[in-house]
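Asks: So that we are looking at the same thing, I have put the structure below in structure tokens.
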Amino acid sequence: MLMADIWRNDMKTKDLYADKVDCCGCNVCQDSCPVHAITMRTDVEGFWYPEIGEGCIDCGLCIKNCPIKQSGELKKNEFKESVCFAAVHKNLEVRFDSTSGGVFSAFANLFYRQKGFVGGAVYNNDFSVSQIVSGDRKDLPRLRSSKYLQSNATGFYGRIQELLVAGERIVVCGTPCQMAGLRAFLGRAYENLLVLDFVCLGINSPNVFRKYLDYLEARFGSKVVNFKAKNKELGWRKLTSKITFANGEALYDTKDTSYFTKGYLVTNVFCRPSCYECRFKGFPRIADITLADFWGAEKVVGKDMDNDLGTSLVMINNAKGMSFFERIKETICFQPVPFDSILLGNQALVRSLPRPRVDRNDFYAMLDVKPFSEVAHRYIAKEDVVDVRQRARMKVRALILCLKRMSFVLKTCRFSIRAWLNLIAHNSVRSILGGTGGLVLGDRHVVMQIHPRAKLLLGGRLLFGSKPFKKSKLETRFLVQDGATVEVRGDFPFGYGADVEVFSGAELIIKGGGASNIGTTLICGEKIVLEHGVMIGRNVTIRDTNGGHYMSLPGYKNTKPVTIGEHAWLGEGCTIMPGVKIGRGAIVGAGAVVFNNVPAHALVVGNPAEVVMTDVYWKY
């Protein structure tokens, strides 16, 4: 019986898929229809499925080209086991702007140099995602980096076929199911086409992502203007999403704070039903080359190639892939790795996404009518999504943290009576013995003078006297006067030789996540804020007061608050004067004297400090 005869029996959507698990939403059926009789309808979960209209001519191309229905025939390639490499782009700016090591950009630039085309996913203005085909190198920043939600590929496959038939060179990157769909749609091999896919855990609902952005926009009172997954500024392994808002604010939402990332990785409920029974796991791969995050690269190729900046895993699946890999070698650093080494950190290569740990129907029903914050509180933030084994691991981890805390205290205080007296005087027994929480402590060369009516609000460890030279006797001082407040929201070590003085009524807020080197001077007469992740070089001075010295100048004040922005870097010997606000991610050059505000992500040098470079991004 012909396919068309089968099709005529019942021209309904169920002929395309019996259950939602049988549709990956690749849009191939829509592009395959010669009379445009197929439209995609979005369900309450935010995923689209094909619907057949009355204009159908029973040609059967939608079934013939469906990657799920043809997965058995499509899963063929030249290499049964991929030839594997760890790789990073030589251009550090490209690597910073990429999800992992920047290898996709190397392939894209190769085709752009040959006047070819690049296909991939981009954000639209509303932060939905679409597959596009680009002939303009200016599109590369939009094309690079992962977008963790399903992309709409309507018209994508037809456009690629048109260009290939015209003899154009194209490199295309997409999910394994999309690239399988492309193979089925084209129906033949093209020498002028390079197909890349990536190791996919599961593809998230556009509806969930939009609700998450709506929640952030309400929280910050401003529209999201940029979203960057796996931002590198705080380190690649933190899985930080950097969200920038129209009002100039930015959020570094890490794997520990992001409701979207936590919900994706912990609940398994964000993904498309087909992801639980993915037909494109294992080997051989369908693409010419498979790209991935190389989890565990530091154990295989060493920290020098890893740097916590993301390393690409490159899996060559056939001779064509190897030929193109040879052509990009001059732009990347690479190292061969054993095939067996790639599976431990990339189980998604061979395993489908586990079933949801929460009730899927209830989750999406609530998401449809409730704010994302309420949904997150019920399904993502609570422990009821954690299974028994995870709870056991959490208890073991808590015990380990407690033991590490005690080891840290013993190592710091050692045999010093002064250190132990300081520890006991300014900390509770619970905070000393607990695995988490706040502490203020230092070694025997730390002098602490904290007034009884001063406030220490400790949400992290404030360590004084941190030093590489264990026998150094260089004194470190910490003064908190009557009525002063020191609030610590995360761990922060002051290097040895520091002088931190908080005067009466003044307020020092340290949000943790950073550190200072030797010789920091911090003089607080009104208010100084160190935002999260501030890194302070040797012999840096920060002061918000002129110490009672007055000058007859218009608008002169003895004290003015100082704020050092999130993830700012203060270079050796620089001085931050009263009233200054250092922007997020800014860098103050060595020896600079800063009298005026520093914009975010700017580099300033000199006395007085001046902006010499903008849009600078860095990582420690």
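Going through the structure tokens in order, the chains are called A, B, and so on, while each chain numbers its residues from 1 and the ligands are numbered from 1 in the order shown.
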Taking a cut-off of 12 Å and counting only C-alpha atoms, can you build a table that, for each residue of region 154-199 of chain A near region 88-104 of chain A, reports the nearest atom pair and how far apart they are in Å (one decimal), sorted by chain then residue number, as CSV?
Replies:
```
residue,atom,partner,partner_atom,distance
A:Val171,CA,A:Phe104,CA,9.7
A:Val172,CA,A:Phe104,CA,9.8
A:Cys173,CA,A:Phe104,CA,8.3
A:Gly174,CA,A:Phe104,CA,11.1
A:Leu194,CA,A:Phe104,CA,11.7
A:Val195,CA,A:Phe104,CA,11.3
A:Leu196,CA,A:Phe104,CA,8.6
A:Asp197,CA,A:Phe104,CA,10.1
A:Phe198,CA,A:Phe104,CA,10.2
```
Asks: Create the file for the chosen residues now, containing N, CA and C atoms and written as an mmCIF file, in the first residue's frame.
Replies:
```cif
data_model
loop_
_atom_site.group_PDB
_atom_site.id
_atom_site.type_symbol
_atom_site.label_atom_id
_atom_site.label_comp_id
_atom_site.auth_asym_id
_atom_site.auth_seq_id
_atom_site.Cartn_x
_atom_site.Cartn_y
_atom_site.Cartn_z
ATOM 1 N N VAL A 171 27.347 25.993 6.795
ATOM 2 C CA VAL A 171 27.510 25.225 8.031
ATOM 3 C C VAL A 171 26.270 25.481 8.875
ATOM 4 N N VAL A 172 25.690 24.413 9.396
ATOM 5 C CA VAL A 172 24.445 24.514 10.146
ATOM 6 C C VAL A 172 24.632 23.840 11.499
ATOM 7 N N CYS A 173 24.094 24.470 12.551
ATOM 8 C CA CYS A 173 24.149 23.884 13.883
ATOM 9 C C CYS A 173 22.757 23.909 14.506
ATOM 10 N N GLY A 174 22.368 22.793 15.088
ATOM 11 C CA GLY A 174 21.077 22.719 15.762
ATOM 12 C C GLY A 174 21.014 21.514 16.667
ATOM 13 N N LEU A 194 28.097 21.413 5.888
ATOM 14 C CA LEU A 194 28.659 20.838 7.105
ATOM 15 C C LEU A 194 27.588 20.900 8.182
ATOM 16 N N VAL A 195 27.268 19.749 8.785
ATOM 17 C CA VAL A 195 26.214 19.664 9.791
ATOM 18 C C VAL A 195 26.835 19.480 11.172
ATOM 19 N N LEU A 196 26.514 20.396 12.070
ATOM 20 C CA LEU A 196 26.941 20.317 13.463
ATOM 21 C C LEU A 196 25.702 20.124 14.342
ATOM 22 N N ASP A 197 25.809 19.229 15.318
ATOM 23 C CA ASP A 197 24.806 19.199 16.370
ATOM 24 C C ASP A 197 25.515 19.317 17.708
ATOM 25 N N PHE A 198 24.777 19.213 18.790
ATOM 26 C CA PHE A 198 25.394 19.331 20.109
ATOM 27 C C PHE A 198 24.759 18.324 21.056
#
```
Asks: List the spatial neighbours of Gly53 (chain A) as a short mmCIF file (atom, residue, chain, number, x, y, z; two decimals) with N, CA and C atoms, in the first residue's frame - criterion: any atom at most 8 Å away, only C-alpha atoms, same-chain residues fewer than 6 positions off excluded.
Replies:
```
data_model
loop_
_atom_site.label_atom_id
_atom_site.label_comp_id
_atom_site.auth_asym_id
_atom_site.auth_seq_id
_atom_site.Cartn_x
_atom_site.Cartn_y
_atom_site.Cartn_z
N ALA A 37 -0.15 23.21 3.90
CA ALA A 37 -1.37 22.81 4.59
C ALA A 37 -1.14 22.53 6.07
N ILE A 38 0.11 22.61 6.52
CA ILE A 38 0.42 22.30 7.92
C ILE A 38 0.76 23.58 8.67
N THR A 39 0.09 23.77 9.78
CA THR A 39 0.41 24.87 10.69
C THR A 39 0.81 24.28 12.03
#
```
Asks: Can you list, as a list in words, every protein, DNA or RNA residue that comes within 12 Å of Asp139 (chain A) when you count only C-alpha atoms, leaving out same-chain residues fewer than 4 positions away?
Replies: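 After dropping sequence-adjacent residues, the list is Ser105, Ala108, Asn109, Tyr112, Phe117, Val118, Gly119, Gly120, Ala121, Val122, Tyr123, Ile132, Val133, Ser134, Gly135, Leu143 and Arg144 of chain A.
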Asks: I'd like the contact shell of Leu421 (chain A) - 12 Å cut-off, only C-alpha atoms, skipping same-chain residues fewer than 2 positions apart - returned as a PyMOL selection string.
Replies: chain A and resi 413-419+423-427+440-444+446-449
Asks: List the spatial neighbours of Val375 (chain A) as an NGL selection string - criterion: any atom at most 12 Å away, only C-alpha atoms, same-chain residues fewer than 2 positions off excluded.
Replies: :A and (208 or 211-212 or 215 or 259-260 or 263 or 358 or 362-373 or 377-382)
